[in-house]
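This is data20.cif. It holds mmCIF, C-alpha atoms and all ligand atoms.
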data_coords
#
loop_
_atom_site.label_atom_id
_atom_site.label_comp_id
_atom_site.auth_asym_id
_atom_site.auth_seq_id
_atom_site.Cartn_x
_atom_site.Cartn_y
_atom_site.Cartn_z
CA MET A 1 -144.43 -148.89 -22.93
CA PHE A 2 -144.18 -146.49 -25.85
CA PHE A 3 -145.74 -143.08 -25.96
CA LYS A 4 -146.19 -141.10 -29.13
CA LYS A 5 -143.76 -138.22 -28.92
CA LYS A 6 -145.75 -135.08 -28.31
CA GLN A 7 -145.19 -132.38 -30.88
CA ALA A 8 -143.00 -129.63 -29.47
CA ASP A 9 -145.27 -126.71 -28.81
CA VAL A 10 -144.67 -123.10 -29.43
CA PHE A 11 -146.23 -120.18 -27.60
CA VAL A 12 -148.87 -118.18 -29.44
CA ASP A 13 -151.18 -115.49 -28.08
CA GLU A 14 -153.30 -112.62 -29.41
CA ARG A 15 -150.17 -110.73 -30.50
CA LEU A 16 -149.93 -113.20 -33.38
CA SER A 17 -153.47 -113.39 -34.72
CA HIS A 18 -152.64 -113.11 -38.42
CA ILE A 19 -149.77 -114.80 -40.24
CA ALA A 20 -149.19 -114.55 -43.99
CA PHE A 21 -147.03 -116.74 -46.21
CA ILE A 22 -145.31 -116.02 -49.51
CA MET A 23 -145.06 -119.66 -50.54
CA ASP A 24 -141.99 -119.54 -52.76
CA GLY A 25 -139.58 -122.18 -54.05
CA ASN A 26 -141.83 -124.87 -55.53
CA GLY A 27 -140.04 -124.67 -58.88
CA ARG A 28 -136.56 -124.94 -57.32
CA TRP A 29 -137.71 -127.86 -55.16
CA ALA A 30 -138.73 -129.72 -58.33
CA LYS A 31 -135.67 -128.67 -60.33
CA SER A 32 -133.28 -129.96 -57.68
CA ARG A 33 -134.92 -133.37 -58.15
CA SER A 34 -135.05 -133.13 -61.95
CA LEU A 35 -138.84 -133.12 -61.77
CA PRO A 36 -141.26 -130.90 -63.72
CA ARG A 37 -142.21 -127.64 -61.97
CA LYS A 38 -145.82 -128.75 -61.62
CA ILE A 39 -144.69 -131.54 -59.29
CA GLY A 40 -143.13 -128.83 -57.13
CA HIS A 41 -146.50 -127.08 -56.99
CA ARG A 42 -148.19 -130.33 -56.03
CA GLN A 43 -145.73 -130.78 -53.18
CA GLY A 44 -146.20 -127.13 -52.25
CA ALA A 45 -149.95 -127.68 -51.99
CA LEU A 46 -149.33 -130.49 -49.48
CA ALA A 47 -147.09 -128.19 -47.41
CA PHE A 48 -149.80 -125.51 -47.53
CA GLU A 49 -152.44 -127.85 -46.12
CA LYS A 50 -150.08 -129.01 -43.38
CA ILE A 51 -149.17 -125.46 -42.36
CA VAL A 52 -152.78 -124.26 -42.35
CA LYS A 53 -153.69 -127.14 -40.01
CA GLU A 54 -150.80 -126.35 -37.69
CA CYS A 55 -151.68 -122.64 -37.56
CA SER A 56 -155.22 -123.56 -36.62
CA ARG A 57 -153.99 -126.01 -33.94
CA LEU A 58 -151.83 -123.24 -32.49
CA GLY A 59 -154.81 -120.88 -32.35
CA ILE A 60 -153.72 -118.44 -35.04
CA LYS A 61 -157.02 -116.97 -36.18
CA THR A 62 -156.17 -115.67 -39.64
CA VAL A 63 -153.85 -117.20 -42.21
CA THR A 64 -153.18 -115.63 -45.60
CA VAL A 65 -151.31 -117.41 -48.38
CA TYR A 66 -149.98 -116.05 -51.64
CA ALA A 67 -150.86 -118.75 -54.17
CA PHE A 68 -150.86 -116.99 -57.55
CA SER A 69 -149.87 -113.41 -58.36
CA THR A 70 -151.06 -111.07 -61.09
CA GLU A 71 -147.52 -111.44 -62.49
CA ASN A 72 -147.56 -115.25 -62.51
CA TRP A 73 -149.51 -115.20 -65.82
CA LYS A 74 -146.06 -114.75 -67.41
CA ARG A 75 -145.34 -118.44 -66.75
CA PRO A 76 -145.76 -121.29 -69.27
CA LYS A 77 -149.39 -122.30 -69.88
CA GLU A 78 -148.75 -125.86 -68.69
CA GLU A 79 -147.56 -124.59 -65.30
CA ILE A 80 -150.46 -122.16 -64.96
CA ASP A 81 -152.96 -124.91 -65.85
CA ALA A 82 -151.41 -127.15 -63.19
CA ILE A 83 -151.78 -124.43 -60.52
CA MET A 84 -155.43 -123.82 -61.51
CA GLU A 85 -156.11 -127.56 -61.26
CA LEU A 86 -154.48 -127.77 -57.83
CA LEU A 87 -156.69 -124.95 -56.58
CA GLY A 88 -159.83 -126.64 -57.93
CA ASN A 89 -158.90 -129.93 -56.26
CA TYR A 90 -158.14 -128.16 -52.99
CA ILE A 91 -161.54 -126.45 -53.02
CA ASP A 92 -163.25 -129.81 -53.54
CA ARG A 93 -161.59 -131.07 -50.36
CA ALA A 94 -161.95 -127.84 -48.38
CA LYS A 95 -165.71 -127.66 -48.78
CA GLU A 96 -166.02 -130.75 -46.56
CA GLU A 97 -164.09 -129.00 -43.77
CA LYS A 98 -166.14 -127.07 -41.28
CA GLY A 99 -165.01 -124.25 -39.05
CA THR A 100 -163.04 -122.10 -41.48
CA LYS A 101 -164.12 -119.01 -43.35
CA TYR A 102 -162.50 -119.01 -46.80
CA VAL A 103 -161.84 -115.73 -48.61
CA PHE A 104 -160.17 -115.37 -52.00
CA LEU A 105 -158.14 -112.20 -52.44
CA GLY A 106 -157.77 -111.07 -56.04
CA ASP A 107 -159.59 -110.73 -59.34
CA LYS A 108 -161.60 -113.84 -60.12
CA SER A 109 -163.18 -112.38 -63.26
CA VAL A 110 -160.44 -113.60 -65.62
CA LEU A 111 -160.40 -117.17 -64.27
CA SER A 112 -162.36 -120.00 -65.91
CA LYS A 113 -166.09 -120.01 -65.15
CA GLU A 114 -165.77 -123.43 -63.49
CA LEU A 115 -162.99 -122.35 -61.12
CA ARG A 116 -164.66 -119.01 -60.39
CA GLU A 117 -167.88 -120.74 -59.40
CA LYS A 118 -166.02 -123.17 -57.16
CA MET A 119 -164.29 -120.25 -55.44
CA GLU A 120 -167.52 -118.29 -54.99
CA ASN A 121 -169.38 -121.32 -53.66
CA LEU A 122 -166.64 -122.03 -51.11
CA GLU A 123 -166.69 -118.40 -49.97
CA ASN A 124 -170.47 -118.31 -49.69
CA GLU A 125 -170.89 -121.70 -48.07
CA SER A 126 -168.03 -121.57 -45.58
CA SER A 127 -169.13 -120.81 -42.08
CA ASN A 128 -168.61 -117.46 -40.48
CA SER A 129 -166.02 -118.88 -38.18
CA GLU A 130 -163.34 -117.53 -35.86
CA ASN A 131 -160.74 -118.97 -38.26
CA THR A 132 -160.18 -117.31 -41.61
CA LEU A 133 -158.09 -118.58 -44.50
CA ASN A 134 -157.38 -115.90 -47.10
CA ILE A 135 -156.09 -117.34 -50.37
CA ALA A 136 -154.48 -114.68 -52.56
CA PHE A 137 -155.09 -115.91 -56.11
CA ASN A 138 -154.62 -113.70 -59.13
CA TYR A 139 -153.70 -111.20 -56.47
CA GLY A 140 -151.48 -108.15 -56.77
CA GLY A 141 -151.09 -105.48 -54.11
CA ARG A 142 -151.09 -102.65 -56.66
CA ALA A 143 -154.13 -104.03 -58.49
CA GLU A 144 -155.89 -104.31 -55.12
CA LEU A 145 -155.21 -100.63 -54.36
CA VAL A 146 -156.34 -99.51 -57.82
CA ASN A 147 -159.53 -101.55 -57.37
CA ALA A 148 -160.13 -99.91 -53.96
CA PHE A 149 -159.61 -96.39 -55.35
CA ASN A 150 -161.99 -97.09 -58.23
CA GLU A 151 -164.64 -98.32 -55.82
CA LEU A 152 -164.20 -95.13 -53.75
CA LEU A 153 -164.51 -92.99 -56.88
CA LYS A 154 -167.71 -94.83 -57.84
CA GLU A 155 -169.09 -94.07 -54.39
CA GLY A 156 -168.50 -90.39 -55.17
CA LYS A 157 -165.87 -89.81 -52.46
CA GLU A 158 -164.00 -86.52 -52.87
CA SER A 159 -161.52 -87.05 -50.09
CA ILE A 160 -160.55 -90.19 -48.27
CA VAL A 161 -158.97 -91.31 -45.01
CA GLU A 162 -156.84 -94.39 -44.33
CA ASP A 163 -159.81 -96.43 -43.11
CA ASP A 164 -161.60 -95.85 -46.43
CA ILE A 165 -158.74 -97.58 -48.21
CA SER A 166 -158.46 -100.47 -45.73
CA SER A 167 -162.19 -101.10 -45.94
CA HIS A 168 -162.13 -101.35 -49.75
CA LEU A 169 -159.25 -103.83 -50.02
CA TYR A 170 -159.81 -107.55 -50.68
CA THR A 171 -158.64 -108.07 -47.09
CA ARG A 172 -161.30 -105.77 -45.64
CA ALA A 173 -162.50 -108.49 -43.25
CA SER A 174 -159.05 -109.21 -41.76
CA LYS A 175 -156.74 -107.15 -39.62
CA ASP A 176 -153.24 -106.46 -40.97
CA PRO A 177 -150.77 -109.39 -40.80
CA ASP A 178 -148.59 -109.51 -37.71
CA LEU A 179 -146.02 -111.72 -39.40
CA ILE A 180 -145.16 -112.31 -43.06
CA VAL A 181 -143.07 -115.38 -43.84
CA ARG A 182 -141.29 -115.81 -47.17
CA THR A 183 -139.53 -119.02 -48.06
CA ALA A 184 -136.87 -119.89 -50.66
CA ASN A 185 -134.25 -117.29 -49.87
CA GLU A 186 -135.91 -114.32 -51.59
CA CYS A 187 -136.10 -111.13 -49.55
CA ARG A 188 -138.71 -109.19 -51.46
CA ILE A 189 -142.43 -108.51 -51.25
CA SER A 190 -143.36 -109.35 -54.88
CA ASN A 191 -146.52 -107.20 -54.83
CA PHE A 192 -148.02 -108.88 -51.74
CA LEU A 193 -150.18 -106.97 -49.21
CA LEU A 194 -148.48 -103.64 -49.98
CA TRP A 195 -150.83 -101.56 -47.86
CA GLN A 196 -151.38 -104.12 -45.12
CA CYS A 197 -147.68 -104.85 -44.43
CA ALA A 198 -146.96 -101.34 -43.11
CA TYR A 199 -146.11 -102.66 -39.63
CA SER A 200 -145.81 -106.40 -40.22
CA GLU A 201 -142.79 -108.30 -39.01
CA PHE A 202 -140.92 -110.20 -41.74
CA TYR A 203 -139.31 -113.62 -41.55
CA PHE A 204 -137.21 -114.90 -44.42
CA THR A 205 -135.89 -118.43 -44.64
CA LYS A 206 -133.80 -120.36 -47.15
CA VAL A 207 -136.12 -123.36 -46.80
CA LEU A 208 -138.08 -124.03 -49.99
CA TRP A 209 -141.86 -123.98 -49.53
CA PRO A 210 -142.44 -127.74 -50.09
CA ASP A 211 -139.95 -128.39 -47.25
CA PHE A 212 -141.52 -125.83 -44.90
CA ASP A 213 -143.02 -127.92 -42.10
CA GLU A 214 -144.32 -127.52 -38.56
CA LYS A 215 -140.80 -127.22 -37.17
CA GLU A 216 -139.96 -124.41 -39.58
CA LEU A 217 -143.22 -122.68 -38.71
CA HIS A 218 -142.34 -122.85 -35.02
CA LYS A 219 -138.95 -121.22 -35.78
CA ALA A 220 -140.70 -118.36 -37.57
CA ILE A 221 -143.07 -117.89 -34.63
CA GLU A 222 -140.24 -117.95 -32.11
CA SER A 223 -138.45 -115.32 -34.15
CA PHE A 224 -141.61 -113.18 -34.10
CA TYR A 225 -141.79 -113.33 -30.32
CA ASN A 226 -138.17 -112.18 -30.06
CA ARG A 227 -139.00 -108.90 -31.79
CA LYS A 228 -140.07 -105.65 -30.21
CA ARG A 229 -142.74 -103.91 -32.23
CA ASN A 230 -142.47 -100.15 -31.78
CA TYR A 231 -144.98 -98.82 -34.31
CA GLY A 232 -142.90 -95.65 -34.39
CA GLY A 233 -142.90 -95.21 -30.63
CA VAL A 234 -140.12 -95.83 -28.14
C1 LIG B 301 -144.02 -120.32 -55.70
O1 LIG B 301 -143.02 -121.15 -56.19
C2 LIG B 301 -145.37 -120.67 -56.24
C3 LIG B 301 -145.92 -119.70 -57.20
C4 LIG B 301 -145.38 -118.55 -57.52
C5 LIG B 301 -147.17 -120.06 -57.85
P1 LIG B 301 -142.26 -120.80 -57.53
O2 LIG B 301 -142.93 -121.51 -58.65
O3 LIG B 301 -142.11 -119.34 -57.70
O4 LIG B 301 -140.85 -121.47 -57.24
P2 LIG B 301 -139.44 -120.94 -57.73
O5 LIG B 301 -139.28 -119.54 -57.22
O6 LIG B 301 -139.45 -120.98 -59.23
O7 LIG B 301 -138.47 -121.87 -57.13
C1 LIG B 302 -144.46 -114.66 -55.42
O1 LIG B 302 -143.54 -115.59 -55.89
C2 LIG B 302 -145.84 -115.10 -55.76
C3 LIG B 302 -146.32 -116.28 -55.07
C4 LIG B 302 -145.71 -116.93 -54.11
C5 LIG B 302 -147.63 -116.72 -55.48
P1 LIG B 302 -142.81 -115.39 -57.29
O2 LIG B 302 -141.90 -116.53 -57.45
O3 LIG B 302 -143.81 -115.17 -58.36
O4 LIG B 302 -142.01 -114.03 -57.05
P2 LIG B 302 -140.81 -113.39 -57.86
O5 LIG B 302 -141.20 -113.37 -59.30
O6 LIG B 302 -139.61 -114.27 -57.65
O7 LIG B 302 -140.62 -112.03 -57.26
MG MG B 303 -140.66 -118.04 -57.11
#

In C-alpha cells, write the structure found in this file.
Amino acid sequence: MFFKKKQADVFVDERLSHIAFIMDGNGRWAKSRSLPRKIGHRQGALAFEKIVKECSRLGIKTVTVYAFSTENWKRPKEEIDAIMELLGNYIDRAKEEKGTKYVFLGDKSVLSKELREKMENLENESSNSENTLNIAFNYGGRAELVNAFNELLKEGKESIVEDDISSHLYTRASKDPDLIVRTANECRISNFLLWQCAYSEFYFTKVLWPDFDEKELHKAIESFYNRKRNYGGV
C-alpha cells in the first residue's frame, strides 16, 4: 500500500505571528534561462501564492510581501506593465478566497483607475479574518513615514510619541514583523518596513524567489527559532 508522503512539518507558535518577504530574484531567475524578465515575475507570482498558502497552513497570522517598490518605477515600461497585470490577475483570483483580510501598503493614487478599484474592492470586501495578507505595492518605507508625519501635522499634533507614528503607517493594523526573509543573495532592506523592522529577525538566502518553496520557508522558520531575541535586554 502506498501512502502520500506527509509534508515535513515545522514548529510555529505565537512567537512567529508575522513574517515578511522581500521577494527578490525574479529577473535573475528568468535571465539564467534566457527568458524575458516578465516570465520571471510570472514564476515569482506562483511562488508567492504557494508561500502564502503554506504560511496560512502553518498558522502564521500575518504575512507581508514586498511586490513593487516606489523605486521600481525606474524599470522598463514593459516590465512594469507586466507586474501591474500580474497583480490584477491575482486580485481576480483572491476575491474568491475567503478567510483572509487583504491590505495594500503603499500609494495607490498613481496606479491606473482600474487597478486601484480592484485593490480597494478587495480590501473592502475581504473578511475581517484572523489571517492578514499585506501586499506592499508602490510601497516605500520613507514615503510611508513622510505620509504618516503629514497626517499627524494635519491632525494638528505639536508633539508625537512612537505610537502616533506606528498608528499612522500603512501597516497600522499589523504588529511589527517577527521575521523578514530576503531571497536572491541581497543583504539590504531596499526601503522596506524601515520603522517596523526595528527588532525583526532577518533571514537572507541565495535562493531566487521563484525557487523559494515550502522547504526553503521551513529553513527560514527553523533559523528564526534558533535565535534569541533580546530587545536590548540580557
Ligand atoms: C523582485 O525581483 C521583484 C520586483 C522587484 C518587482 P527582481 O525583478 O528585482 O529580480 P532581480 O533582482 O532583477 O533578479
Ligand atoms: C526590492 O527589490 C523590491 C521588491 C522586492 C519589490 P529590488 O530588486 O527592487 O531591490 P534593489 O533595487 O536590488 O535594492
Ligand atoms: Mg531585484

- Residues within 12 Å of (-164.0, -111.5, -62.0), file coords, all atoms listed in the file, listed as a VMD selection string: chain A and resid 104 to 113 115 to 117 119 to 120 137 to 139 147

- Query: Expressed in Å to a single decimal, how great is the separation between CA of Leu35 (chain A) and CA of Phe48 (chain A)?
  - Reply: 19.5 Å

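Counting all atoms listed in the file, the residue from A:Asp9, A:Asp24, A:Glu96, A:Glu151 that sits nearest to ligand LIG 302 (chain B) is A:Asp24.
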
- List all protein, DNA and RNA residues that have at least one atom no more than 10 Å from any atom of ligand LIG 301 (chain B), counting all atoms listed in the file, and write them as a PyMOL selection string. chain A and resi 22-32+37-38+40-41+44-45+66-69+71-73+75+79-80+82-84+137-138+183-186+190+208-210

Go ahead and save the residues from that selection, with C-alpha atoms, as a PDB file, in the frame of the given file.
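Done, and the output landed in out.pdb:
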ATOM      1  CA  ILE A  22    -145.310-116.020 -49.510  1.00  0.00           C
ATOM      2  CA  MET A  23    -145.060-119.660 -50.540  1.00  0.00           C
ATOM      3  CA  ASP A  24    -141.990-119.540 -52.760  1.00  0.00           C
ATOM      4  CA  GLY A  25    -139.580-122.180 -54.050  1.00  0.00           C
ATOM      5  CA  ASN A  26    -141.830-124.870 -55.530  1.00  0.00           C
ATOM      6  CA  GLY A  27    -140.040-124.670 -58.880  1.00  0.00           C
ATOM      7  CA  ARG A  28    -136.560-124.940 -57.320  1.00  0.00           C
ATOM      8  CA  TRP A  29    -137.710-127.860 -55.160  1.00  0.00           C
ATOM      9  CA  ALA A  30    -138.730-129.720 -58.330  1.00  0.00           C
ATOM     10  CA  LYS A  31    -135.670-128.670 -60.330  1.00  0.00           C
ATOM     11  CA  SER A  32    -133.280-129.960 -57.680  1.00  0.00           C
ATOM     12  CA  ARG A  37    -142.210-127.640 -61.970  1.00  0.00           C
ATOM     13  CA  LYS A  38    -145.820-128.750 -61.620  1.00  0.00           C
ATOM     14  CA  GLY A  40    -143.130-128.830 -57.130  1.00  0.00           C
ATOM     15  CA  HIS A  41    -146.500-127.080 -56.990  1.00  0.00           C
ATOM     16  CA  GLY A  44    -146.200-127.130 -52.250  1.00  0.00           C
ATOM     17  CA  ALA A  45    -149.950-127.680 -51.990  1.00  0.00           C
ATOM     18  CA  TYR A  66    -149.980-116.050 -51.640  1.00  0.00           C
ATOM     19  CA  ALA A  67    -150.860-118.750 -54.170  1.00  0.00           C
ATOM     20  CA  PHE A  68    -150.860-116.990 -57.550  1.00  0.00           C
ATOM     21  CA  SER A  69    -149.870-113.410 -58.360  1.00  0.00           C
ATOM     22  CA  GLU A  71    -147.520-111.440 -62.490  1.00  0.00           C
ATOM     23  CA  ASN A  72    -147.560-115.250 -62.510  1.00  0.00           C
ATOM     24  CA  TRP A  73    -149.510-115.200 -65.820  1.00  0.00           C
ATOM     25  CA  ARG A  75    -145.340-118.440 -66.750  1.00  0.00           C
ATOM     26  CA  GLU A  79    -147.560-124.590 -65.300  1.00  0.00           C
ATOM     27  CA  ILE A  80    -150.460-122.160 -64.960  1.00  0.00           C
ATOM     28  CA  ALA A  82    -151.410-127.150 -63.190  1.00  0.00           C
ATOM     29  CA  ILE A  83    -151.780-124.430 -60.520  1.00  0.00           C
ATOM     30  CA  MET A  84    -155.430-123.820 -61.510  1.00  0.00           C
ATOM     31  CA  PHE A 137    -155.090-115.910 -56.110  1.00  0.00           C
ATOM     32  CA  ASN A 138    -154.620-113.700 -59.130  1.00  0.00           C
ATOM     33  CA  THR A 183    -139.530-119.020 -48.060  1.00  0.00           C
ATOM     34  CA  ALA A 184    -136.870-119.890 -50.660  1.00  0.00           C
ATOM     35  CA  ASN A 185    -134.250-117.290 -49.870  1.00  0.00           C
ATOM     36  CA  GLU A 186    -135.910-114.320 -51.590  1.00  0.00           C
ATOM     37  CA  SER A 190    -143.360-109.350 -54.880  1.00  0.00           C
ATOM     38  CA  LEU A 208    -138.080-124.030 -49.990  1.00  0.00           C
ATOM     39  CA  TRP A 209    -141.860-123.980 -49.530  1.00  0.00           C
ATOM     40  CA  PRO A 210    -142.440-127.740 -50.090  1.00  0.00           C
TER      41      PRO A 210
END

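Comparing the minimum interatomic distances between ligand LIG 302 (chain B) and each of A:Ser129, A:Asn191, A:Thr171, A:Gln196, counting all atoms listed in the file, we find that A:Asn191 sits nearest.
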
- Message: I'd like the contact shell of Arg15 (chain A) - 10 Å cut-off, only C-alpha atoms, skipping same-chain residues fewer than 4 positions apart - returned as a list in words.
- Response: Ile60, Asp178, Leu179, Phe224 and Tyr225 of chain A

- Expected residue set, 8 Å radius at (-153.6, -115.4, -44.4), only C-alpha atoms, as a ChimeraX atom specification: /A:18-21,62-65,132-135,177

Would you save the residues from that selection as a tab-separated table (two decimals), in the coordinates of the input, using C-alpha atoms?
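Full text of result-v2.tsv as output:
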chain	number	residue	atom	x	y	z
A	18	HIS	CA	-152.64	-113.11	-38.42
A	19	ILE	CA	-149.77	-114.80	-40.24
A	20	ALA	CA	-149.19	-114.55	-43.99
A	21	PHE	CA	-147.03	-116.74	-46.21
A	62	THR	CA	-156.17	-115.67	-39.64
A	63	VAL	CA	-153.85	-117.20	-42.21
A	64	THR	CA	-153.18	-115.63	-45.60
A	65	VAL	CA	-151.31	-117.41	-48.38
A	132	THR	CA	-160.18	-117.31	-41.61
A	133	LEU	CA	-158.09	-118.58	-44.50
A	134	ASN	CA	-157.38	-115.90	-47.10
A	135	ILE	CA	-156.09	-117.34	-50.37
A	177	PRO	CA	-150.77	-109.39	-40.80
